[in-house]
Each structure stands twice: as C-alpha cells, then as structure tokens.
file model.cif (mmCIF, C-alpha atoms)
data_final
#
loop_
_atom_site.label_atom_id
_atom_site.label_comp_id
_atom_site.auth_asym_id
_atom_site.auth_seq_id
_atom_site.Cartn_x
_atom_site.Cartn_y
_atom_site.Cartn_z
CA MET A 15 120.77 220.21 214.65
CA SER A 16 117.16 220.60 215.83
CA GLN A 17 114.68 217.79 215.28
CA THR A 18 112.91 219.90 212.60
CA ALA A 19 116.18 220.51 210.75
CA LEU A 20 116.95 216.79 210.88
CA LEU A 21 113.54 215.87 209.45
CA LEU A 22 113.97 218.43 206.63
CA LEU A 23 117.37 216.85 205.90
CA TRP A 24 115.78 213.38 205.82
CA ILE A 25 113.11 214.65 203.41
CA ALA A 26 115.75 216.16 201.09
CA CYS A 27 117.70 212.89 201.10
CA GLY A 28 114.49 210.90 200.64
CA VAL A 29 113.32 212.97 197.67
CA LEU A 30 116.73 212.58 196.01
CA THR A 31 116.78 208.82 196.67
CA PHE A 32 113.24 208.48 195.32
CA ALA A 33 114.14 210.50 192.19
CA ILE A 34 117.07 208.14 191.50
CA ARG A 35 114.84 205.08 191.88
CA TYR A 36 112.04 206.59 189.78
CA SER A 37 114.36 207.93 187.05
CA PHE A 38 114.35 205.23 184.38
CA ILE A 39 110.94 203.90 185.39
CA ALA A 40 109.51 207.36 184.61
CA LEU A 41 111.52 207.77 181.41
CA GLU A 42 110.74 204.32 179.94
CA GLY A 43 109.34 204.70 176.44
CA HIS A 44 110.42 208.36 176.18
CA TYR A 45 114.17 208.16 176.54
CA ARG A 46 116.85 205.51 176.37
CA PRO A 47 120.02 206.11 178.38
CA PRO A 48 123.23 206.11 176.29
CA ASP A 49 125.16 202.83 176.36
CA TRP A 50 128.20 204.37 178.05
CA PHE A 51 126.02 205.46 180.97
CA ILE A 52 124.69 201.95 181.52
CA ARG A 53 128.24 200.57 181.14
CA TRP A 54 129.73 202.99 183.68
CA LEU A 55 126.96 202.81 186.26
CA PRO A 56 128.21 199.54 187.85
CA PHE A 57 131.47 201.31 188.75
CA VAL A 58 129.65 203.88 190.88
CA PRO A 59 128.92 201.70 193.95
CA ILE A 60 132.39 200.12 193.74
CA ALA A 61 134.20 203.48 193.67
CA ALA A 62 131.92 205.29 196.14
CA LEU A 63 131.67 202.55 198.78
CA THR A 64 135.39 201.70 198.61
CA ALA A 65 136.30 205.39 199.03
CA ILE A 66 134.27 205.43 202.25
CA THR A 67 135.52 202.08 203.54
CA VAL A 68 139.30 202.13 203.01
CA PRO A 69 140.05 205.16 205.25
CA GLU A 70 137.89 203.59 208.00
CA LEU A 71 140.12 200.49 207.85
CA LEU A 72 143.58 202.02 207.40
CA LEU A 73 143.51 205.18 209.49
CA VAL A 74 143.68 205.71 213.22
CA ALA A 75 143.30 209.39 214.22
CA GLY A 76 144.15 210.50 210.68
CA GLN A 77 147.34 208.42 210.35
CA VAL A 78 147.84 205.20 208.36
CA GLU A 79 148.29 202.44 210.96
CA LEU A 80 148.72 198.83 209.83
CA GLY A 81 149.99 197.32 213.10
CA PHE A 82 148.12 195.71 215.94
CA ALA A 83 147.22 199.17 217.23
CA ASN A 84 144.57 199.07 214.50
CA PRO A 85 142.38 195.96 214.97
CA ARG A 86 139.84 197.29 212.43
CA PHE A 87 142.40 196.85 209.64
CA TRP A 88 142.89 193.16 210.48
CA ALA A 89 139.18 192.55 211.06
CA GLY A 90 138.49 194.24 207.70
CA LEU A 91 140.95 191.89 205.97
CA VAL A 92 139.12 188.90 207.48
CA ALA A 93 135.79 190.28 206.24
CA ILE A 94 137.19 190.92 202.73
CA ALA A 95 138.45 187.33 202.53
CA VAL A 96 135.11 185.95 203.77
CA ALA A 97 133.18 188.14 201.30
CA ALA A 98 135.42 187.04 198.41
CA ILE A 99 135.02 183.33 199.20
CA TRP A 100 131.37 183.03 200.31
CA LYS A 101 129.73 186.21 198.87
CA ASN A 102 127.36 186.22 201.85
CA THR A 103 126.40 189.51 203.55
CA LEU A 104 125.50 188.15 206.97
CA LEU A 105 128.60 185.93 207.12
CA THR A 106 130.83 188.87 206.11
CA ILE A 107 129.45 191.20 208.78
CA GLY A 108 129.47 188.45 211.41
CA SER A 109 133.06 187.39 210.74
CA GLY A 110 134.24 191.02 210.75
CA PHE A 111 132.69 191.69 214.15
CA ALA A 112 133.93 188.36 215.52
CA ALA A 113 137.49 189.22 214.41
CA LEU A 114 137.24 192.75 215.85
CA TRP A 115 135.96 191.61 219.24
CA LEU A 116 138.50 188.78 219.38
CA LEU A 117 141.39 191.14 218.60
CA ASN A 118 140.16 193.72 221.12
CA TRP A 119 139.95 190.99 223.75
CA ILE A 120 143.46 189.59 223.02
CA LEU A 121 145.29 192.91 222.64
CA MET B 20 99.03 183.70 188.45
CA THR B 21 96.68 185.75 190.67
CA ALA B 22 97.75 189.04 192.24
CA THR B 23 97.75 187.43 195.71
CA ALA B 24 99.93 184.52 194.56
CA ALA B 25 102.37 186.95 192.91
CA PHE B 26 102.48 189.12 196.05
CA LEU B 27 103.20 186.09 198.26
CA LEU B 28 105.86 184.86 195.83
CA GLY B 29 107.62 188.22 196.22
CA VAL B 30 107.34 188.11 200.02
CA ARG B 31 108.73 184.55 200.17
CA ALA B 32 111.65 185.43 197.89
CA LEU B 33 112.62 188.23 200.26
CA LEU B 34 112.28 186.45 203.63
CA PRO B 35 115.77 184.81 203.70
CA MET B 36 117.33 188.25 203.22
CA MET B 37 115.63 189.50 206.40
CA LEU B 38 118.22 187.44 208.29
CA GLY B 39 120.87 189.93 207.22
CA VAL B 40 118.66 193.02 207.15
CA ALA B 41 117.11 192.73 210.62
CA PRO B 42 120.39 192.84 212.62
CA PHE B 43 121.57 195.64 210.35
CA GLY B 44 118.39 197.60 211.10
CA VAL B 45 118.88 197.16 214.84
CA ILE B 46 122.51 198.32 214.58
CA TYR B 47 121.42 201.34 212.52
CA GLY B 48 119.03 202.35 215.31
CA VAL B 49 121.79 202.04 217.91
CA VAL B 50 124.37 203.96 215.85
CA ALA B 51 121.86 206.74 215.07
CA LEU B 52 121.24 207.27 218.80
CA GLN B 53 124.99 207.20 219.52
CA SER B 54 125.42 209.91 216.85
CA GLY B 55 123.15 212.16 218.90
CA ILE B 56 120.00 211.82 216.77
CA PRO B 57 116.77 211.83 218.82
CA PRO B 58 114.88 208.49 218.79
CA LEU B 59 111.85 209.76 216.83
CA ALA B 60 113.98 211.33 214.06
CA ALA B 61 116.13 208.18 213.93
CA PHE B 62 113.04 206.02 213.41
CA LEU B 63 111.42 208.38 210.86
CA MET B 64 114.58 208.31 208.72
CA SER B 65 113.71 204.68 207.94
CA SER B 66 110.52 205.68 206.10
CA LEU B 67 111.58 209.13 204.80
CA VAL B 68 114.92 208.01 203.33
CA PHE B 69 114.45 204.20 203.38
CA ALA B 70 117.95 203.16 202.25
CA GLY B 71 120.01 201.13 204.72
CA SER B 72 123.63 201.95 203.96
CA ALA B 73 122.80 205.60 203.16
CA GLN B 74 120.97 205.92 206.50
CA PHE B 75 124.06 204.61 208.27
CA LEU B 76 126.35 207.08 206.56
CA LEU B 77 123.89 209.94 207.10
CA ALA B 78 123.71 209.18 210.84
CA GLN B 79 127.52 209.20 211.09
CA LEU B 80 127.80 212.46 209.10
CA VAL B 81 125.20 214.10 211.38
CA GLY B 82 127.30 212.96 214.33
CA ALA B 83 130.42 214.47 212.70
CA GLY B 84 128.65 217.81 212.12
CA ALA B 85 129.00 217.78 208.32
CA PRO B 86 127.27 220.52 206.25
CA ALA B 87 123.76 219.62 205.02
CA LEU B 88 124.58 219.93 201.32
CA LEU B 89 127.48 217.50 201.65
CA MET B 90 125.25 215.01 203.45
CA VAL B 91 122.61 215.14 200.71
CA GLY B 92 125.36 214.72 198.10
CA ALA B 93 126.83 211.72 199.91
CA VAL B 94 123.41 210.04 200.12
CA GLY B 95 122.89 210.65 196.39
CA LEU B 96 126.30 209.15 195.60
CA ILE B 97 125.61 206.03 197.68
CA ASN B 98 122.14 205.55 196.21
CA LEU B 99 123.07 206.24 192.59
CA ARG B 100 123.36 202.48 192.12
CA HIS B 101 119.57 202.30 192.35
CA ALA B 102 119.40 203.97 188.91
CA LEU B 103 120.64 200.62 187.57
CA TYR B 104 117.71 198.79 189.15
CA SER B 105 115.35 201.46 187.85
CA ALA B 106 116.61 200.94 184.29
CA SER B 107 116.38 197.18 184.78
CA VAL B 108 112.73 196.98 185.95
CA ALA B 109 111.45 199.87 183.79
CA PRO B 110 110.35 197.68 180.84
CA VAL B 111 108.33 195.40 183.16
CA LEU B 112 106.48 198.37 184.74
CA HIS B 113 106.03 200.32 181.51
CA ALA B 114 102.25 199.81 181.06
CA LEU B 115 101.28 200.37 184.72
CA PRO B 116 99.38 203.43 186.01
CA ARG B 117 101.59 206.14 187.48
CA ARG B 118 100.56 205.45 191.11
CA TRP B 119 102.04 201.94 190.78
CA LYS B 120 105.27 203.32 189.32
CA LEU B 121 105.58 205.81 192.19
CA LEU B 122 104.93 203.16 194.85
CA LEU B 123 107.31 200.60 193.36
CA SER B 124 110.02 203.24 192.90
CA TYR B 125 109.81 204.14 196.60
CA LEU B 126 110.18 200.43 197.47
CA LEU B 127 113.04 199.75 195.02
CA THR B 128 115.95 198.67 197.27
CA ASP B 129 118.95 196.36 196.80
CA GLU B 130 117.18 193.49 198.53
CA ALA B 131 113.74 193.91 196.89
CA TYR B 132 115.40 194.10 193.49
CA ALA B 133 117.60 191.07 194.11
CA ALA B 134 114.66 189.01 195.43
CA ALA B 135 112.17 189.92 192.70
CA ILE B 136 114.29 190.17 189.55
CA PRO B 137 114.69 186.42 188.86
CA HIS B 138 110.88 186.06 188.96
CA LEU B 139 110.34 189.21 186.90
CA LEU B 140 112.69 187.92 184.22
CA ALA B 141 110.89 184.56 184.26
CA GLU B 142 107.46 186.13 183.75
CA PRO B 143 107.95 189.55 182.16
CA ARG B 144 104.65 189.32 180.26
CA SER B 145 102.51 188.30 183.22
CA PRO B 146 99.96 191.07 183.93
CA GLN B 147 100.56 190.48 187.66
CA ALA B 148 104.39 190.64 187.54
CA HIS B 149 104.43 193.98 189.41
CA TRP B 150 102.78 192.30 192.41
CA ILE B 151 105.96 190.19 192.84
CA LEU B 152 108.07 193.34 193.15
CA PHE B 153 105.48 194.88 195.47
CA GLY B 154 105.56 191.75 197.69
CA SER B 155 109.37 191.86 198.00
CA GLY B 156 109.43 195.63 198.42
CA PHE B 157 106.70 195.73 201.05
CA ALA B 158 108.18 192.81 203.04
CA LEU B 159 111.55 194.55 203.19
CA TRP B 160 109.97 197.90 204.11
CA PHE B 161 107.97 196.36 206.94
CA GLY B 162 110.95 194.38 208.28
CA TRP B 163 113.20 197.45 208.08
CA GLN B 164 110.73 199.61 210.04
CA LEU B 165 110.40 196.95 212.75
CA SER B 166 114.13 196.28 213.10
CA THR B 167 115.14 199.95 213.20
CA LEU B 168 112.40 200.57 215.77
CA ALA B 169 113.87 197.75 217.86
CA GLY B 170 117.34 199.32 217.55
CA VAL B 171 116.03 202.72 218.63
CA LEU B 172 114.24 201.16 221.62
CA VAL B 173 117.11 198.95 222.90
CA GLY B 174 119.90 201.28 221.73
CA ALA B 175 120.12 203.35 224.87
CA GLN B 176 120.81 200.22 226.95
CA LEU B 177 123.75 198.92 224.86
CA PRO B 178 127.35 199.75 225.83
CA ALA B 179 129.05 202.13 223.36
CA ASP B 180 132.35 200.19 223.28
CA LEU B 181 131.08 197.29 221.14
CA GLY B 182 132.25 199.23 218.05
CA LEU B 183 128.88 198.81 216.34
CA ASP B 184 129.71 201.61 213.88
CA PHE B 185 132.10 199.04 212.32
CA ALA B 186 128.94 197.60 210.70
CA LEU B 187 129.11 200.31 208.01
CA PRO B 188 132.53 199.37 206.52
CA LEU B 189 131.65 195.69 206.95
CA THR B 190 128.40 196.14 205.01
CA PHE B 191 130.19 198.00 202.25
CA ILE B 192 132.77 195.20 202.07
CA ALA B 193 129.90 192.71 201.75
CA ILE B 194 128.39 194.74 198.89
CA VAL B 195 131.57 195.65 196.98
CA VAL B 196 133.82 192.57 197.16
CA PRO B 197 131.38 190.25 195.29
CA LEU B 198 130.96 192.96 192.61
CA ILE B 199 134.67 192.90 191.76
CA ASP B 200 134.74 190.35 188.95
CA SER B 201 137.03 192.08 186.44
CA ARG B 202 140.37 193.88 186.37
CA ALA B 203 138.64 197.19 185.53
CA ARG B 204 136.44 196.92 188.63
CA LEU B 205 139.43 196.03 190.82
CA VAL B 206 141.31 199.08 189.51
CA ALA B 207 138.26 201.29 190.24
CA ALA B 208 138.21 200.07 193.84
CA LEU B 209 141.99 200.36 194.40
CA VAL B 210 142.19 203.89 192.96
CA ALA B 211 139.13 205.08 194.90
CA GLY B 212 140.51 203.65 198.15
CA ALA B 213 144.03 205.06 197.64
CA VAL B 214 142.80 208.56 196.73
CA ALA B 215 140.40 208.55 199.69
CA VAL B 216 143.31 207.86 202.07
CA LEU B 217 145.52 210.52 200.43
CA LEU B 218 142.77 213.18 200.63
CA VAL B 219 141.45 212.28 204.07
CA ALA B 220 142.66 215.59 205.55
CA LEU B 221 140.23 217.59 203.39
CA PRO B 222 137.39 219.05 205.48
CA TYR B 223 134.02 217.28 205.93
CA LYS B 224 135.04 214.19 203.97
CA THR B 225 134.96 216.10 200.66
CA GLY B 226 137.91 213.93 199.58
CA LEU B 227 135.39 211.07 199.25
CA PHE B 228 133.82 212.69 196.20
CA ALA B 229 137.19 213.19 194.49
CA ALA B 230 138.14 209.61 195.38
CA ALA B 231 134.89 208.17 194.02
CA LEU B 232 135.27 210.15 190.78
CA ALA B 233 138.93 209.06 190.43
CA GLY B 234 137.92 205.41 190.90
CA LEU B 235 135.08 205.74 188.41
CA ALA B 236 137.36 207.34 185.81
CA ALA B 237 140.10 204.73 186.33
CA GLY B 238 137.64 201.85 186.01
CA ALA B 239 135.99 203.29 182.92
CA PHE B 240 139.42 203.93 181.37
CA MET B 241 140.48 200.31 181.98
CA GLN B 242 137.22 199.01 180.56
CA GLY B 243 137.50 201.28 177.52
CA LYS B 244 141.03 200.00 176.80
CA LYS B 245 139.77 196.44 176.82
CA ALA B 246 136.90 197.23 174.43
CA ALA B 247 139.20 199.07 171.99
#
call {"tool": "encode", "arguments": {"input": "model.cif", "output": "structure tokens"}}
result
Amino acid sequence: MSQTALLLLWIACGVLTFAIRYSFIALEGHYRPPDWFIRWLPFVPIAALTAITVPELLLVAGQVELGFANPRFWAGLVAIAVAAIWKNTLLTIGSGFAALWLLNWIL
Amino acid sequence: MTATAAFLLGVRALLPMMLGVAPFGVIYGVVALQSGIPPLAAFLMSSLVFAGSAQFLLAQLVGAGAPALLMVGAVGLINLRHALYSASVAPVLHALPRRWKLLLSYLLTDEAYAAAIPHLLAEPRSPQAHWILFGSGFALWFGWQLSTLAGVLVGAQLPADLGLDFALPLTFIAIVVPLIDSRARLVAALVAGAVAVLLVALPYKTGLFAAALAGLAAGAFMQGKKAA
C-alpha cells in the first residue's frame, strides 16, 4: 500500500475509534442504552481478543502444535498463569517474553 | 479543587501505567516497521488511531496484506470495549461544552479511564472533575507519542528474530485473563478461542469475526441462564 493509502486507512480506523468513544458521551441525556446491551458489552473484549490470541498460541504454519516445536504455546501458558495470579500487565508481558527467549535458547 | 490541581491529579494517577505503556509503544514502532510500514506512517498512526492494541493488530494485518474493509472492521471490534468507558463517564461530562466532550472522547483509552475513574467516582459533582480525565488522557497521549517515536527510530537497528510480535498475544492475555471472573466469561473465551482455531483456514482472518460472535453468544447465553 502507498503511504497515502495507509494514512487514509488510519483516518478511517481513527474516525471509527473516535465514534465508539464519543458514542454514549454524545447520547447522554437523549438516549439510554438498553440493559442487555450494557450487560453484553463486557463479553466483547473477552471474545474478540481471545479469538485473536488462541490461534497465535496453538498454531504453527496453520497446524495445531502443542509440543516443544511450538515455544509460543508454552510461553503463552506461563503468561496466562502470571496474569491470573498477579493481574499485572507489565509482569505478564515480561514473563511471556522471558519464557519465549528461554525456550528458544534451550531448544 | 482548582483546574490545575485536578489536571495534575489525573497526570499522577496515570504515571505508574507508563511503565507498561512505554515499552509497548516502542515494540509497536518496531513491529510496524517490520510489517513494511514506512516510519512516518507508523508514527502518525499513534495520533490518528491512538489505540495501542488496535494499532498492533492493524500493523500486522497491513503486513499480511488484508483487505482494507476487514482491517477497519477488526479495529472496530477491538475498540468496541471503549463504548463501555463512554457510557461510564458520560454522566460526569454531561454538562460540558461540546469541544470538551470531543477532546475527552479522543483521549478515552483503557489506561486513562482506569487511572481517572476512581477519582471521578469520588468527586462526580466537582465542576473540575473533567480536568482529572484530561490530565490522565493527555499524559497517556504524550507518553504514547514519545514511546512509539522511539520505537520507529530504533526499530531499524533491532534484530528481527527477537519475536517482538509476540507482544500482541501477550498484551491480550494481560487484558483478558483478569476479566474472566465468572463461568459465563470463561465460556465466552473458550468458545471464541476454539472457533477461531477451527476457522483459521478462512481467508484474511475472517474466521475471527465468527469466533468473536460465537464467544459473545455463548457467554450471553450462559449469563442469561443464570439470571433466569
């Protein structure tokens, strides 16, 4: 893609992101979202981000690979455990990279 | 509380989070360059889109040659969670002039929201409460611009075999795992992950949308059963 095409793409993504952030701030006082919408909204990041993450961890060249040929799977498990216990972003990312580099160095 | 004091309160609440955001910004810059995005466009994405995890995904999709419409859709899906923050801060900002609402909406990120919301809830009636959110939002914006600029500048010198693109799944793990505090949420994650793996052969990652919808439906179904 040309630099101009990329910038137009950024602007489209930026306008959409802004519209999402502005949505209820703009509507306040005019419209109240239905309760089911507010109840379901927390599931959106969980479903969307997990759908992106799991294939990155389980697949190598399109095939499920859970052995030591796939260090990202094991490093991901370490990061999931760290995230569950300490709920700390920096620690999660750091431990995941440490595990990945360690495994790559050993194997 | 004066406007200046409220602004500084917001800045101070955000500063600890820069520890996690700054390295992430540097890695974004590096990954964007490795995806073939020119340095200037990579840097400008940080102000035009201004959404960390979405920028990461967008850079990778550009590198994979995905169609533009799919990329915009994926960014919308990732950032839909910000609608929650919008609904949450809307009552506090209700009486402000529109230019304030526009500015604070642009600056409404995960980190700014997380840093400012305890203070906003503590002083919802303060006429200066919006300055707290502006302080957090501006501090994050400024730090994000600086760290992505650093990534774009040093990126060309780093070896490609560090696996820095692994930062994206790791960040998502850091966001999602602490959110899973009920069986319905766990089911949503498991279904979304399983469907994503099953549909991975679909072109241009379109299986991701089906997987996200399946997870959403499964989670909502589980939650509905509990409420009934």
call {"tool": "resolve_selection", "arguments": {"input": "model.cif", "expression": "the PyMOL selection byres ((chain B and resi 152-169) around 6)", "output": "list in words"}}
result
Phe26, Gly29, Val30, Leu33, Ala41, Gly44, Val45, Gly48, Phe62, Leu126, Ala131, Ala135, His149, Trp150, Ile151, Gly170, Val171 and Leu172 of chain B
call {"tool": "axis_aligned_box", "arguments": {"input": "model.cif", "around": "stretch 56-67 of chain A", "padding_each_side": "8 Å", "output": "JSON"}}
result
{"center_x": 132.3, "center_y": 202.5, "center_z": 195.7, "size_x": 24.1, "size_y": 21.9, "size_z": 31.7}
call {"tool": "residues_around", "arguments": {"input": "model.cif", "residues": "stretch 24-27 of chain A", "least_positions_apart": "6", "cutoff": "8 Å", "atoms": "all atoms listed in the file", "output": "PyMOL selection string"}}
result
chain B and resi 64+67-68+91+94-95
call {"tool": "resolve_selection", "arguments": {"input": "model.cif", "expression": "the PyMOL selection byres ((chain A) within 8 of (chain B))", "output": "mmCIF file with C-alpha atoms, keeping the file's coordinate frame"}}
result
data_model
loop_
_atom_site.group_PDB
_atom_site.id
_atom_site.type_symbol
_atom_site.label_atom_id
_atom_site.label_comp_id
_atom_site.auth_asym_id
_atom_site.auth_seq_id
_atom_site.Cartn_x
_atom_site.Cartn_y
_atom_site.Cartn_z
ATOM 1 C CA GLN A 17 114.680 217.790 215.280
ATOM 2 C CA LEU A 20 116.950 216.790 210.880
ATOM 3 C CA LEU A 21 113.540 215.870 209.450
ATOM 4 C CA LEU A 23 117.370 216.850 205.900
ATOM 5 C CA TRP A 24 115.780 213.380 205.820
ATOM 6 C CA ILE A 25 113.110 214.650 203.410
ATOM 7 C CA ALA A 26 115.750 216.160 201.090
ATOM 8 C CA CYS A 27 117.700 212.890 201.100
ATOM 9 C CA GLY A 28 114.490 210.900 200.640
ATOM 10 C CA VAL A 29 113.320 212.970 197.670
ATOM 11 C CA LEU A 30 116.730 212.580 196.010
ATOM 12 C CA THR A 31 116.780 208.820 196.670
ATOM 13 C CA PHE A 32 113.240 208.480 195.320
ATOM 14 C CA ILE A 34 117.070 208.140 191.500
ATOM 15 C CA ARG A 35 114.840 205.080 191.880
ATOM 16 C CA TYR A 36 112.040 206.590 189.780
ATOM 17 C CA SER A 37 114.360 207.930 187.050
ATOM 18 C CA PHE A 38 114.350 205.230 184.380
ATOM 19 C CA ILE A 39 110.940 203.900 185.390
ATOM 20 C CA ALA A 40 109.510 207.360 184.610
ATOM 21 C CA GLU A 42 110.740 204.320 179.940
ATOM 22 C CA GLY A 43 109.340 204.700 176.440
ATOM 23 C CA ILE A 52 124.690 201.950 181.520
ATOM 24 C CA TRP A 54 129.730 202.990 183.680
ATOM 25 C CA LEU A 55 126.960 202.810 186.260
ATOM 26 C CA PRO A 56 128.210 199.540 187.850
ATOM 27 C CA PHE A 57 131.470 201.310 188.750
ATOM 28 C CA VAL A 58 129.650 203.880 190.880
ATOM 29 C CA PRO A 59 128.920 201.700 193.950
ATOM 30 C CA ILE A 60 132.390 200.120 193.740
ATOM 31 C CA ALA A 61 134.200 203.480 193.670
ATOM 32 C CA ALA A 62 131.920 205.290 196.140
ATOM 33 C CA LEU A 63 131.670 202.550 198.780
ATOM 34 C CA THR A 64 135.390 201.700 198.610
ATOM 35 C CA ALA A 65 136.300 205.390 199.030
ATOM 36 C CA ILE A 66 134.270 205.430 202.250
ATOM 37 C CA THR A 67 135.520 202.080 203.540
ATOM 38 C CA VAL A 68 139.300 202.130 203.010
ATOM 39 C CA PRO A 69 140.050 205.160 205.250
ATOM 40 C CA GLU A 70 137.890 203.590 208.000
ATOM 41 C CA LEU A 71 140.120 200.490 207.850
ATOM 42 C CA LEU A 72 143.580 202.020 207.400
ATOM 43 C CA LEU A 73 143.510 205.180 209.490
ATOM 44 C CA GLY A 76 144.150 210.500 210.680
ATOM 45 C CA ARG A 86 139.840 197.290 212.430
ATOM 46 C CA GLY A 90 138.490 194.240 207.700
ATOM 47 C CA ALA A 93 135.790 190.280 206.240
ATOM 48 C CA ILE A 94 137.190 190.920 202.730
ATOM 49 C CA ALA A 97 133.180 188.140 201.300
ATOM 50 C CA ALA A 98 135.420 187.040 198.410
ATOM 51 C CA LYS A 101 129.730 186.210 198.870
ATOM 52 C CA ASN A 102 127.360 186.220 201.850
ATOM 53 C CA THR A 103 126.400 189.510 203.550
ATOM 54 C CA LEU A 104 125.500 188.150 206.970
ATOM 55 C CA THR A 106 130.830 188.870 206.110
ATOM 56 C CA ILE A 107 129.450 191.200 208.780
ATOM 57 C CA GLY A 110 134.240 191.020 210.750
ATOM 58 C CA PHE A 111 132.690 191.690 214.150
ATOM 59 C CA TRP A 115 135.960 191.610 219.240
#
call {"tool": "atom_distance", "arguments": {"input": "model.cif", "atom1": "atom CA of B:Leu221", "atom2": "atom CA of B:Ala78"}}
result
20.0 Å
call {"tool": "atom_distance", "arguments": {"input": "model.cif", "atom1": "atom CA of B:Pro116", "atom2": "atom CA of B:Ala134"}}
result
23.0 Å
call {"tool": "atom_distance", "arguments": {"input": "model.cif", "atom1": "atom CA of A:Ile99", "atom2": "atom CA of B:Ser201"}}
result
15.6 Å
call {"tool": "decode", "arguments": {"input": "model.cif", "residues": "stretch 17-33 of chain A", "atoms": "C-alpha atoms", "output": "mmCIF file, in the first residue's frame"}}
result
data_model
loop_
_atom_site.group_PDB
_atom_site.id
_atom_site.type_symbol
_atom_site.label_atom_id
_atom_site.label_comp_id
_atom_site.auth_asym_id
_atom_site.auth_seq_id
_atom_site.Cartn_x
_atom_site.Cartn_y
_atom_site.Cartn_z
ATOM 1 C CA GLN A 17 1.818 5.964 2.129
ATOM 2 C CA THR A 18 -1.320 7.941 1.136
ATOM 3 C CA ALA A 19 -3.464 4.790 1.183
ATOM 4 C CA LEU A 20 -2.073 3.881 4.597
ATOM 5 C CA LEU A 21 -2.869 7.334 6.014
ATOM 6 C CA LEU A 22 -6.433 7.134 4.630
ATOM 7 C CA LEU A 23 -6.759 3.728 6.307
ATOM 8 C CA TRP A 24 -5.509 5.191 9.606
ATOM 9 C CA ILE A 25 -8.046 8.022 9.324
ATOM 10 C CA ALA A 26 -10.911 5.565 8.694
ATOM 11 C CA CYS A 27 -9.850 3.499 11.719
ATOM 12 C CA GLY A 28 -9.375 6.659 13.791
ATOM 13 C CA VAL A 29 -12.816 8.054 12.934
ATOM 14 C CA LEU A 30 -14.433 4.717 13.840
ATOM 15 C CA THR A 31 -12.487 4.504 17.115
ATOM 16 C CA PHE A 32 -13.409 8.089 17.969
ATOM 17 C CA ALA A 33 -17.099 7.424 17.181
#
